[in-house]
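A.B. asks: Pasting start_1.cif below, which is mmCIF, C-alpha atoms.
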```cif
data_query
loop_
_atom_site.label_atom_id
_atom_site.label_comp_id
_atom_site.auth_asym_id
_atom_site.auth_seq_id
_atom_site.Cartn_x
_atom_site.Cartn_y
_atom_site.Cartn_z
CA MET A 1 73.64 43.09 73.42
CA VAL A 2 77.11 41.62 72.93
CA MET A 3 79.05 38.85 74.67
CA ALA A 4 82.59 37.50 74.21
CA VAL A 5 83.77 33.87 74.30
CA SER A 6 87.09 32.06 73.96
CA PHE A 7 87.86 28.48 72.90
CA GLU A 8 91.11 28.39 74.87
CA ARG A 9 92.05 29.84 78.21
CA TYR A 10 93.51 33.32 77.57
CA GLY A 11 92.89 32.74 73.87
CA ARG A 12 91.44 34.89 71.15
CA LEU A 13 88.10 36.54 71.85
CA TYR A 14 85.06 36.03 69.62
CA TYR A 15 81.98 38.24 69.92
CA LEU A 16 78.45 36.83 69.77
CA ASP A 17 74.88 37.98 69.96
CA PRO A 18 73.51 36.27 73.11
CA GLY A 19 69.94 36.28 71.82
CA GLU A 20 67.58 35.00 74.50
CA PHE A 21 70.36 33.44 76.62
CA ARG A 22 72.10 35.19 79.51
CA PRO A 23 75.25 33.19 80.37
CA ARG A 24 77.58 34.31 83.13
CA VAL A 25 81.35 34.54 83.07
CA GLY A 26 82.79 31.02 83.09
CA ASP A 27 79.74 29.25 81.62
CA LYS A 28 80.18 26.94 78.63
CA VAL A 29 78.14 27.95 75.57
CA LEU A 30 77.71 26.66 72.02
CA VAL A 31 79.28 28.78 69.29
CA PRO A 32 78.34 28.30 65.60
CA THR A 33 81.31 27.47 63.34
CA ASP A 34 81.80 26.22 59.79
CA ASP A 35 82.17 22.68 61.13
CA GLY A 36 79.16 22.83 63.44
CA PRO A 37 78.57 24.15 66.97
CA GLU A 38 81.59 24.04 69.29
CA VAL A 39 81.96 24.56 73.03
CA ALA A 40 83.52 27.81 74.24
CA GLU A 41 83.84 29.63 77.54
CA CYS A 42 82.06 32.91 78.23
CA VAL A 43 84.63 35.52 79.27
CA TRP A 44 82.43 38.60 78.89
CA ALA A 45 78.84 38.46 80.09
CA PRO A 46 76.12 39.86 77.79
CA GLN A 47 75.75 43.61 78.14
CA TYR A 48 74.40 46.52 76.20
CA VAL A 49 76.72 48.65 74.09
CA THR A 50 76.35 52.26 73.03
CA GLU A 51 76.81 51.58 69.31
CA GLU A 52 74.59 49.39 67.20
CA VAL A 53 76.54 46.23 66.29
CA GLY A 54 75.12 43.97 63.60
CA GLY A 55 76.14 40.81 61.81
CA LEU A 56 77.34 38.93 64.90
CA PRO A 57 76.86 35.16 65.12
CA LEU A 58 73.97 34.09 67.32
CA CYS A 59 74.73 32.03 70.40
CA GLU A 60 73.14 28.57 70.15
CA GLY A 61 72.61 28.16 73.86
CA ILE A 62 74.22 26.75 76.98
CA ALA A 63 76.35 23.62 76.48
CA SER A 64 74.79 20.41 77.81
CA THR A 65 76.54 17.53 79.52
CA LYS A 66 76.72 15.63 76.22
CA ASP A 67 78.39 18.59 74.54
CA LEU A 68 80.92 18.90 77.35
CA ASP A 69 81.81 15.18 77.14
CA ARG A 70 82.31 15.41 73.38
CA ASP A 71 84.50 18.51 73.79
CA GLU A 72 86.66 16.71 76.39
CA GLN A 73 87.11 13.71 74.07
CA ASN A 74 88.13 15.98 71.19
CA ARG A 75 90.70 17.68 73.39
CA GLN A 76 92.22 14.33 74.23
CA ARG A 77 92.27 13.37 70.55
CA ARG A 78 94.06 16.57 69.66
CA ALA A 79 96.69 15.95 72.32
CA ASP A 80 97.28 12.40 71.05
CA ALA A 81 97.43 13.59 67.43
CA ARG A 82 100.08 16.18 68.32
CA VAL A 83 102.31 13.51 69.88
CA ILE A 84 101.92 11.16 66.93
CA ALA A 85 102.53 13.96 64.39
CA LYS A 86 105.74 15.09 66.10
CA ARG A 87 107.05 11.53 66.29
CA THR A 88 106.25 10.84 62.63
CA ILE A 89 107.89 14.08 61.47
CA ARG A 90 111.01 13.21 63.43
CA GLN A 91 111.12 9.80 61.79
CA HIS A 92 110.94 11.32 58.30
CA GLY A 93 113.57 13.93 59.15
CA LEU A 94 111.51 16.86 57.81
CA PRO A 95 112.26 20.48 58.87
CA MET A 96 108.75 21.02 60.20
CA LYS A 97 107.41 22.33 63.51
CA VAL A 98 103.90 21.39 64.66
CA VAL A 99 102.08 24.55 65.71
CA GLY A 100 98.54 23.33 66.32
CA ILE A 101 96.12 20.45 65.86
CA ASP A 102 92.42 20.70 65.07
CA PHE A 103 90.02 17.77 65.23
CA VAL A 104 86.71 17.93 63.32
CA ASP A 105 83.99 15.31 63.68
CA ARG A 106 80.83 17.17 62.62
CA ARG A 107 81.59 18.02 59.02
CA PRO A 108 79.04 16.40 56.68
CA ASP A 109 81.55 15.37 53.97
CA VAL A 110 83.99 13.54 56.28
CA ASP A 111 83.64 11.39 59.38
CA GLN A 112 86.81 12.48 61.17
CA LEU A 113 89.31 15.12 60.06
CA VAL A 114 92.64 16.04 61.64
CA ILE A 115 94.14 19.39 60.56
CA VAL A 116 97.84 19.80 61.33
CA TYR A 117 99.21 23.38 61.32
CA PHE A 118 102.98 23.55 60.92
CA SER A 119 105.71 26.07 60.19
CA ALA A 120 108.76 25.51 58.01
CA PRO A 121 111.49 27.70 56.51
CA HIS A 122 110.58 26.58 52.97
CA ARG A 123 108.25 24.25 51.09
CA VAL A 124 108.23 20.67 52.32
CA ASP A 125 107.36 17.46 50.47
CA PHE A 126 105.07 15.76 52.99
CA ARG A 127 103.28 13.23 50.76
CA GLU A 128 104.74 10.22 52.59
CA LEU A 129 104.09 11.94 55.91
CA VAL A 130 100.39 12.29 55.15
CA ARG A 131 100.04 8.58 54.39
CA ASP A 132 101.76 7.59 57.63
CA LEU A 133 99.68 10.01 59.69
CA ALA A 134 96.43 8.79 58.12
CA ARG A 135 97.40 5.21 58.93
CA ALA A 136 98.35 6.05 62.52
CA LEU A 137 95.39 8.32 63.37
CA ARG A 138 92.81 6.49 61.22
CA ALA A 139 91.36 9.77 59.95
CA ARG A 140 91.64 12.12 57.04
CA ILE A 141 94.72 14.38 57.31
CA GLU A 142 95.21 17.99 56.16
CA LEU A 143 98.54 19.79 56.57
CA ARG A 144 98.54 23.60 56.45
CA GLN A 145 101.69 25.72 56.56
CA VAL A 146 101.44 29.01 58.47
CA GLY A 147 103.69 32.04 58.77
CA ALA A 148 105.51 33.47 61.76
CA ARG A 149 102.66 35.78 62.83
CA ASP A 150 100.03 33.04 62.56
CA GLU A 151 102.33 30.74 64.53
CA ALA A 152 102.42 33.24 67.40
CA ARG A 153 98.63 33.59 67.20
CA LEU A 154 98.07 29.84 67.46
CA GLN A 155 100.61 29.18 70.19
CA GLY A 156 100.04 32.34 72.24
CA GLY A 157 102.55 33.82 74.63
CA ILE A 158 103.68 36.92 76.50
CA GLY A 159 104.89 40.01 74.71
CA PRO A 160 107.71 42.41 75.70
CA CYS A 161 105.13 44.53 77.54
CA GLY A 162 104.31 41.67 79.91
CA ARG A 163 100.79 41.12 78.58
CA ASP A 164 99.30 38.39 76.41
CA LEU A 165 100.00 38.72 72.70
CA CYS A 166 97.60 41.02 70.89
CA CYS A 167 97.23 38.59 67.98
CA ALA A 168 96.25 35.79 70.38
CA THR A 169 93.62 37.85 72.26
CA PHE A 170 91.81 40.62 70.39
CA LEU A 171 93.65 41.42 67.14
CA LYS A 172 91.73 40.08 64.16
CA ASP A 173 93.75 41.13 61.10
CA PHE A 174 97.46 41.76 60.67
CA GLU A 175 98.13 45.26 59.37
CA PRO A 176 101.42 46.11 57.63
CA VAL A 177 104.09 47.52 59.96
CA SER A 178 107.26 49.27 58.76
CA VAL A 179 110.45 50.60 60.31
CA ARG A 180 109.29 54.11 59.40
CA MET A 181 106.69 53.88 62.15
CA ALA A 182 109.43 53.24 64.70
CA LYS A 183 111.41 56.23 63.39
CA ASP A 184 108.41 58.55 63.66
CA GLN A 185 107.95 57.49 67.29
CA ASP A 186 111.65 58.04 68.17
CA LEU A 187 112.10 54.37 69.08
CA PRO A 188 115.49 52.63 68.93
CA LEU A 189 115.99 50.81 65.66
CA ASN A 190 117.44 47.80 67.45
CA PRO A 191 115.60 44.69 66.14
CA LEU A 192 115.59 43.20 69.63
CA LYS A 193 113.70 46.22 70.95
CA ILE A 194 110.98 46.55 68.31
CA SER A 195 110.38 42.88 67.45
CA GLY A 196 107.66 40.73 68.96
CA ALA A 197 107.51 37.09 69.95
CA CYS A 198 107.13 36.09 66.28
CA GLY A 199 110.41 37.78 65.29
CA ARG A 200 108.61 40.40 63.18
CA LEU A 201 107.98 44.06 63.96
CA MET A 202 105.54 44.50 66.81
CA CYS A 203 101.95 45.07 65.76
CA CYS A 204 101.52 47.70 68.48
CA LEU A 205 103.73 50.11 66.48
CA LYS A 206 100.64 50.72 64.35
CA TYR A 207 98.40 51.76 67.25
CA GLU A 208 99.81 55.23 68.05
CA HIS A 209 101.40 56.02 64.70
CA PRO A 210 98.55 58.30 63.47
CA LEU A 211 98.87 60.34 66.68
CA TYR A 212 102.59 60.88 66.08
CA GLN A 213 101.97 61.85 62.46
CA GLU A 214 99.43 64.49 63.49
CA PHE A 215 101.71 65.86 66.21
CA ASN A 216 104.77 66.10 63.94
CA ALA A 217 102.72 67.86 61.25
CA LYS A 218 101.55 70.65 63.60
CA ALA A 219 104.24 70.97 66.26
CA PRO A 220 107.38 73.11 65.68
CA ALA A 221 110.41 71.15 64.53
CA LEU A 222 113.50 70.59 66.65
CA GLY A 223 115.72 73.66 66.66
CA SER A 224 112.89 76.09 65.91
CA ALA A 225 112.77 79.37 67.81
CA VAL A 226 109.47 79.76 69.67
CA GLU A 227 107.83 82.08 72.15
CA THR A 228 106.59 80.58 75.42
CA PRO A 229 104.89 82.09 78.48
CA ALA A 230 108.28 81.81 80.24
CA GLY A 231 110.16 83.59 77.47
CA ASP A 232 111.79 82.93 74.11
CA GLY A 233 113.59 79.63 73.51
CA VAL A 234 114.47 76.82 71.17
CA VAL A 235 112.63 73.50 70.79
CA VAL A 236 114.85 70.61 71.89
CA GLY A 237 112.35 67.74 72.29
CA HIS A 238 108.80 66.45 71.81
CA ASN A 239 106.52 64.58 74.17
CA VAL A 240 103.67 63.25 72.06
CA PRO A 241 101.61 61.40 74.73
CA SER A 242 101.34 64.58 76.84
CA ASP A 243 101.02 66.88 73.79
CA THR A 244 103.93 69.06 74.94
CA VAL A 245 107.25 70.26 73.58
CA VAL A 246 110.52 70.70 75.52
CA VAL A 247 111.96 74.21 75.13
CA ARG A 248 115.37 75.49 76.24
CA LEU A 249 114.94 79.10 77.33
CA ALA A 250 117.37 81.60 75.84
CA ALA A 251 117.59 83.77 78.99
CA SER A 252 118.36 81.19 81.67
CA GLY A 253 119.28 78.11 79.61
CA ARG A 254 116.96 75.84 81.58
CA ARG A 255 114.46 73.49 79.97
CA CYS A 256 110.72 73.61 80.42
CA ALA A 257 107.78 71.61 79.04
CA CYS A 258 105.21 73.76 77.30
CA SER A 259 101.91 72.82 75.76
CA ARG A 260 101.85 72.66 72.00
CA ALA A 261 99.07 75.25 71.97
CA ASP A 262 101.31 77.77 73.80
CA VAL A 263 104.12 77.61 71.25
CA CYS A 264 102.03 76.87 68.16
CA SER A 265 98.94 79.07 68.49
CA PRO A 266 96.88 80.08 65.44
CA ARG A 267 98.23 83.62 65.74
CA GLN A 268 101.84 82.42 65.59
CA GLN A 269 101.00 80.18 62.68
CA TYR A 270 99.54 83.19 60.89
CA GLU A 271 102.61 85.33 61.52
CA ALA A 272 104.93 82.53 60.38
CA SER A 273 103.03 81.78 57.18
CA GLY A 274 102.11 85.36 56.25
CA THR A 275 98.62 84.36 55.14
CA THR A 276 95.20 85.48 56.25
CA THR A 277 93.97 84.07 59.54
CA PRO A 278 91.06 81.62 59.31
CA ASP A 279 88.86 83.87 61.46
CA ALA A 280 89.56 87.05 59.49
CA ALA A 281 86.57 88.93 58.16
CA PRO A 282 85.94 88.33 54.48
CA ALA A 283 86.88 91.13 52.14
CA GLU A 284 84.03 93.27 50.85
CA PRO A 285 83.25 92.75 47.19
CA ALA A 286 84.41 95.49 44.91
CA ALA A 287 81.76 97.84 43.55
CA PRO A 288 80.93 97.44 39.86
CA ILE A 289 82.73 99.78 37.54
CA LYS A 290 80.46 102.39 35.99
CA PRO A 291 81.13 104.35 32.80
CA ALA A 292 83.12 107.44 33.61
CA ALA A 293 81.30 110.74 33.29
CA PRO A 294 82.69 113.36 30.89
CA VAL A 295 85.53 115.22 32.51
CA GLU A 296 85.41 118.95 32.31
CA ALA A 297 88.57 120.78 31.47
CA ALA A 298 90.18 122.02 34.67
CA ALA A 299 91.21 125.63 34.86
CA PRO A 300 94.95 126.04 34.61
CA THR A 301 96.66 126.97 37.84
CA GLU A 302 98.63 130.16 38.21
CA ALA A 303 101.97 128.33 38.24
CA ALA A 304 101.09 126.37 35.11
CA ALA A 305 100.06 129.58 33.36
CA GLN A 306 103.39 131.17 34.19
CA VAL A 307 105.30 128.12 32.90
CA GLU A 308 103.34 128.17 29.64
CA ALA A 309 103.89 131.86 29.27
CA VAL A 310 107.65 131.44 29.69
CA SER A 311 108.02 128.34 27.49
CA ALA A 312 105.61 129.34 24.71
CA PRO A 313 104.84 133.05 24.70
CA ASP A 314 103.23 132.95 21.26
CA VAL A 315 100.58 130.35 22.24
CA VAL A 316 97.03 131.64 22.37
CA PRO A 317 95.68 131.75 25.96
CA ALA A 318 93.23 129.04 27.06
CA ALA A 319 90.41 131.54 27.45
CA ASP A 320 90.75 132.63 23.84
CA VAL A 321 90.63 129.00 22.64
CA THR A 322 87.43 128.38 24.55
CA ASP A 323 85.84 131.47 23.11
CA ALA A 324 86.90 130.45 19.60
CA VAL A 325 84.90 127.18 19.75
CA PRO A 326 81.19 127.67 19.03
CA GLU A 327 79.06 126.99 22.16
CA GLU A 328 76.47 124.90 20.27
CA THR A 329 79.11 122.59 18.87
CA THR A 330 80.61 121.96 22.37
CA GLU A 331 77.23 121.11 23.88
CA THR A 332 76.39 118.79 21.02
CA ARG A 333 79.58 116.73 21.55
CA GLU A 334 78.96 116.43 25.28
CA GLU A 335 75.40 115.24 24.75
CA ARG A 336 76.54 112.71 22.16
CA ARG A 337 79.25 111.44 24.48
CA VAL A 338 76.79 110.87 27.38
CA ARG A 339 74.22 109.16 25.14
CA LYS A 340 76.64 106.83 23.40
CA PRO A 341 80.22 106.55 24.73
CA ARG A 342 82.79 106.70 22.05
CA ARG A 343 84.42 103.34 21.33
CA ARG A 344 88.16 103.17 21.54
CA ARG A 345 89.72 102.05 18.33
CA ARG A 346 92.69 99.77 18.42
CA LEU A 347 95.79 101.04 16.66
CA HIS A 348 97.47 98.50 14.40
CA HIS A 349 101.11 99.02 13.58
CA ASP A 350 102.35 97.62 10.30
CA ASP A 351 105.88 96.60 9.44
CA GLU A 352 106.87 100.09 8.24
CA GLY A 353 105.89 101.74 11.51
CA GLU A 354 102.87 103.61 10.08
CA THR A 355 99.67 103.83 12.13
CA GLY A 356 96.38 102.83 10.60
CA GLN A 357 92.90 102.60 11.90
#
```
Now that the file is in, can you turn its structure into structure tokens?
C.D. replies:
Amino acid sequence: MVMAVSFERYGRLYYLDPGEFRPRVGDKVLVPTDDGPEVAECVWAPQYVTEEVGGLPLCEGIASTKDLDRDEQNRQRRADARVIAKRTIRQHGLPMKVVGIDFVDRRPDVDQLVIVYFSAPHRVDFRELVRDLARALRARIELRQVGARDEARLQGGIGPCGRDLCCATFLKDFEPVSVRMAKDQDLPLNPLKISGACGRLMCCLKYEHPLYQEFNAKAPALGSAVETPAGDGVVVGHNVPSDTVVVRLAASGRRCACSRADVCSPRQQYEASGTTTPDAAPAEPAAPIKPAAPVEAAAPTEAAAQVEAVSAPDVVPAADVTDAVPEETTETREERRVRKPRRRRRLHHDDEGETGQ
């Protein structure tokens, strides 16, 4: 079973193994962290999932009244620390922006720890700031600089789509996003249109990019002549979500949306490529070559006999030549040839043009 919790309202989701506990939506539970168990709100009740999920942290139980009081005090301390940190930064005149405050009181090596997350355009010398903050908050201070994407994750917000930011709800890791992804999806290259709340390219450009790559690899390109059930035409557009292509018919000039399978069938792919279809029957293996049997001399045709008689009248007829050869000698050669085929000797030509064996 799996359950989901959140430390902040509409914040990032964390998945847990409920174990023996069955909290309902809205209940406060204890979540194990590196700094000890913390209080979080159950936003997804325990339920069974189809796939086996392992390695999830185990829920430590339902939060007691003591745990809820401690969590409320820590929230108040974080709010006070944020006000003090902003005022101190303003006094020092540093180009820093406080993004988040974290208060730790259960770490074994320190009694109280205040972690200040800030963003800045460049490196900042905050050594004097740390001393003033430690004196004002009476706790150990850590300052951590974060980037633009992490700033949006910590602060949260609403994206251009009208929903909560992906990085602040369910997105765990930031994957690289490039302008090429926007080009493949035919999106306008206006930075205001493809940038998120952090000022960087929207992370959602990565979600459907593999689908567009697969479609563009198999669908006919723009301007290609295709055959559709409505007639021949030219491709003038693609619609990847519906897996269709827009074709302008040659006969009427109107446009129609056709399925990619209708204009890019395996048969048409075969005709375009000129290769064997995948479902073609395999070619039969060639029969092994056997030694050729001795060829008997064919009887000369009547036309050939007349040509020989005209061209060479003094040549002895073929019948006379056959009679001139002893019959025993002819049979002996044929038997020897069947028993042991005669090896062909290679002819080597020397520099003078003579032939030698």
A.B. asks: Calculate how many Å separate atom CA of A:Glu151 from atom CA of A:Cys198, rounding to one decimal.
C.D. replies: 7.4 Å
A.B. asks: Translate the PyMOL selection byres ((chain A and resi 180) around 12), as applied to the file shown, into an explicit residue set as a PyMOL selection string.
C.D. replies: chain A and resi 176-179+181-189+194+201+205-206+209+212-213
A.B. asks: For the provided coordinates, the residues matched by the PyMOL selection byres ((chain A and resi 244) around 7) should be stated as a count of residues only.
C.D. replies: 11
A.B. asks: If you count all atoms listed in the file, which residues fall within 8 Å of A:Val43, apart from same-chain ones fewer than 6 positions away, as number ranges by chain?
C.D. replies: A: 3-6, 25-26
A.B. asks: Separation of atom CA of A:Gly54 and atom CA of A:Cys166, in Å?
C.D. replies: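 Distance between the two atoms: 23.8 Å.
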A.B. asks: Looking at A:Ile89, A:Val104, A:Ala168, A:Leu143, which one is nearest to A:Arg9, with distances taken over only C-alpha atoms?
C.D. replies: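 Closest to A:Arg9, using only C-alpha atoms: A:Ala168.
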A.B. asks: Would you compute the box with edges along x, y and z of the file around stretch 226-235 of chain A, including every atom the file lists for it and 8 Å extra on each side, and give its centre and edge lengths in Å to one decimal, as JSON?
C.D. replies:
```
{"center_x": 109.7, "center_y": 78.5, "center_z": 75.0, "size_x": 25.6, "size_y": 26.1, "size_z": 26.6}
```
A.B. asks: Calculated over only C-alpha atoms, which of the candidates A:Leu68, A:Val31, A:Ile158, A:Cys204 has the smallest distance to A:Leu171?
C.D. replies: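 Going through A:Leu68, A:Val31, A:Ile158, A:Cys204 one by one, the smallest distance to A:Leu171 is for A:Cys204.
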A.B. asks: Taking (76.1, 40.0, 82.4) as a centre in this file's frame and 10 Å as the limit, can you find every polymer residue with an atom that close, using only C-alpha atoms, and give them as a VMD selection string?
C.D. replies: chain A and resid 1 to 3 22 to 25 44 to 48
A.B. asks: With N, CA and C atoms as the goal, would you fill in the gaps in stretch 155-178 of chain A and present it as a PDB file, in the coordinates of the input?
C.D. replies:
```pdb
ATOM      1  N   GLN A 155      99.946  29.639  68.972  1.00  0.00           N
ATOM      2  CA  GLN A 155     100.610  29.180  70.190  1.00  0.00           C
ATOM      3  C   GLN A 155     100.349  30.094  71.380  1.00  0.00           C
ATOM      4  N   GLY A 156     100.200  31.413  71.132  1.00  0.00           N
ATOM      5  CA  GLY A 156     100.040  32.340  72.240  1.00  0.00           C
ATOM      6  C   GLY A 156     101.371  32.630  72.912  1.00  0.00           C
ATOM      7  N   GLY A 157     101.333  33.488  73.922  1.00  0.00           N
ATOM      8  CA  GLY A 157     102.550  33.820  74.630  1.00  0.00           C
ATOM      9  C   GLY A 157     102.453  35.181  75.293  1.00  0.00           C
ATOM     10  N   ILE A 158     103.574  35.641  75.810  1.00  0.00           N
ATOM     11  CA  ILE A 158     103.680  36.920  76.500  1.00  0.00           C
ATOM     12  C   ILE A 158     104.577  37.841  75.690  1.00  0.00           C
ATOM     13  N   GLY A 159     104.119  39.053  75.480  1.00  0.00           N
ATOM     14  CA  GLY A 159     104.890  40.010  74.710  1.00  0.00           C
ATOM     15  C   GLY A 159     105.906  40.758  75.554  1.00  0.00           C
ATOM     16  N   PRO A 160     106.722  41.632  74.942  1.00  0.00           N
ATOM     17  CA  PRO A 160     107.710  42.410  75.700  1.00  0.00           C
ATOM     18  C   PRO A 160     107.079  43.321  76.751  1.00  0.00           C
ATOM     19  N   CYS A 161     105.812  43.666  76.576  1.00  0.00           N
ATOM     20  CA  CYS A 161     105.130  44.530  77.540  1.00  0.00           C
ATOM     21  C   CYS A 161     104.668  43.784  78.774  1.00  0.00           C
ATOM     22  N   GLY A 162     104.759  42.455  78.775  1.00  0.00           N
ATOM     23  CA  GLY A 162     104.310  41.670  79.910  1.00  0.00           C
ATOM     24  C   GLY A 162     102.879  41.211  79.825  1.00  0.00           C
ATOM     25  N   ARG A 163     102.180  41.521  78.756  1.00  0.00           N
ATOM     26  CA  ARG A 163     100.790  41.120  78.580  1.00  0.00           C
ATOM     27  C   ARG A 163     100.700  40.029  77.526  1.00  0.00           C
ATOM     28  N   ASP A 164      99.519  39.413  77.437  1.00  0.00           N
ATOM     29  CA  ASP A 164      99.300  38.390  76.410  1.00  0.00           C
ATOM     30  C   ASP A 164      99.409  39.020  75.024  1.00  0.00           C
ATOM     31  N   LEU A 165      99.818  38.217  74.066  1.00  0.00           N
ATOM     32  CA  LEU A 165     100.000  38.720  72.700  1.00  0.00           C
ATOM     33  C   LEU A 165      98.687  39.279  72.163  1.00  0.00           C
ATOM     34  N   CYS A 166      98.789  40.393  71.468  1.00  0.00           N
ATOM     35  CA  CYS A 166      97.600  41.020  70.890  1.00  0.00           C
ATOM     36  C   CYS A 166      96.938  40.109  69.856  1.00  0.00           C
ATOM     37  N   CYS A 167      97.769  39.448  69.031  1.00  0.00           N
ATOM     38  CA  CYS A 167      97.230  38.590  67.980  1.00  0.00           C
ATOM     39  C   CYS A 167      96.516  37.385  68.552  1.00  0.00           C
ATOM     40  N   ALA A 168      96.871  36.959  69.768  1.00  0.00           N
ATOM     41  CA  ALA A 168      96.250  35.790  70.380  1.00  0.00           C
ATOM     42  C   ALA A 168      95.041  36.152  71.229  1.00  0.00           C
ATOM     43  N   THR A 169      94.749  37.443  71.419  1.00  0.00           N
ATOM     44  CA  THR A 169      93.620  37.850  72.260  1.00  0.00           C
ATOM     45  C   THR A 169      92.550  38.597  71.479  1.00  0.00           C
ATOM     46  N   PHE A 170      92.859  39.790  70.991  1.00  0.00           N
ATOM     47  CA  PHE A 170      91.810  40.620  70.390  1.00  0.00           C
ATOM     48  C   PHE A 170      92.080  41.022  68.951  1.00  0.00           C
ATOM     49  N   LEU A 171      93.321  40.944  68.486  1.00  0.00           N
ATOM     50  CA  LEU A 171      93.650  41.420  67.140  1.00  0.00           C
ATOM     51  C   LEU A 171      93.122  40.438  66.107  1.00  0.00           C
ATOM     52  N   LYS A 172      92.343  40.940  65.167  1.00  0.00           N
ATOM     53  CA  LYS A 172      91.730  40.080  64.160  1.00  0.00           C
ATOM     54  C   LYS A 172      92.585  39.975  62.899  1.00  0.00           C
ATOM     55  N   ASP A 173      92.996  41.111  62.355  1.00  0.00           N
ATOM     56  CA  ASP A 173      93.750  41.130  61.100  1.00  0.00           C
ATOM     57  C   ASP A 173      95.133  41.728  61.352  1.00  0.00           C
ATOM     58  N   PHE A 174      96.105  41.244  60.588  1.00  0.00           N
ATOM     59  CA  PHE A 174      97.460  41.760  60.670  1.00  0.00           C
ATOM     60  C   PHE A 174      97.611  42.915  59.690  1.00  0.00           C
ATOM     61  N   GLU A 175      97.901  44.099  60.215  1.00  0.00           N
ATOM     62  CA  GLU A 175      98.130  45.260  59.370  1.00  0.00           C
ATOM     63  C   GLU A 175      99.621  45.423  59.099  1.00  0.00           C
ATOM     64  N   PRO A 176      99.982  45.963  57.939  1.00  0.00           N
ATOM     65  CA  PRO A 176     101.420  46.110  57.630  1.00  0.00           C
ATOM     66  C   PRO A 176     102.103  47.081  58.580  1.00  0.00           C
ATOM     67  N   VAL A 177     103.293  46.706  59.039  1.00  0.00           N
ATOM     68  CA  VAL A 177     104.090  47.520  59.960  1.00  0.00           C
ATOM     69  C   VAL A 177     105.459  47.724  59.331  1.00  0.00           C
ATOM     70  N   SER A 178     105.975  48.946  59.371  1.00  0.00           N
ATOM     71  CA  SER A 178     107.260  49.270  58.760  1.00  0.00           C
ATOM     72  C   SER A 178     108.176  49.918  59.781  1.00  0.00           C
TER      73      SER A 178
END
```
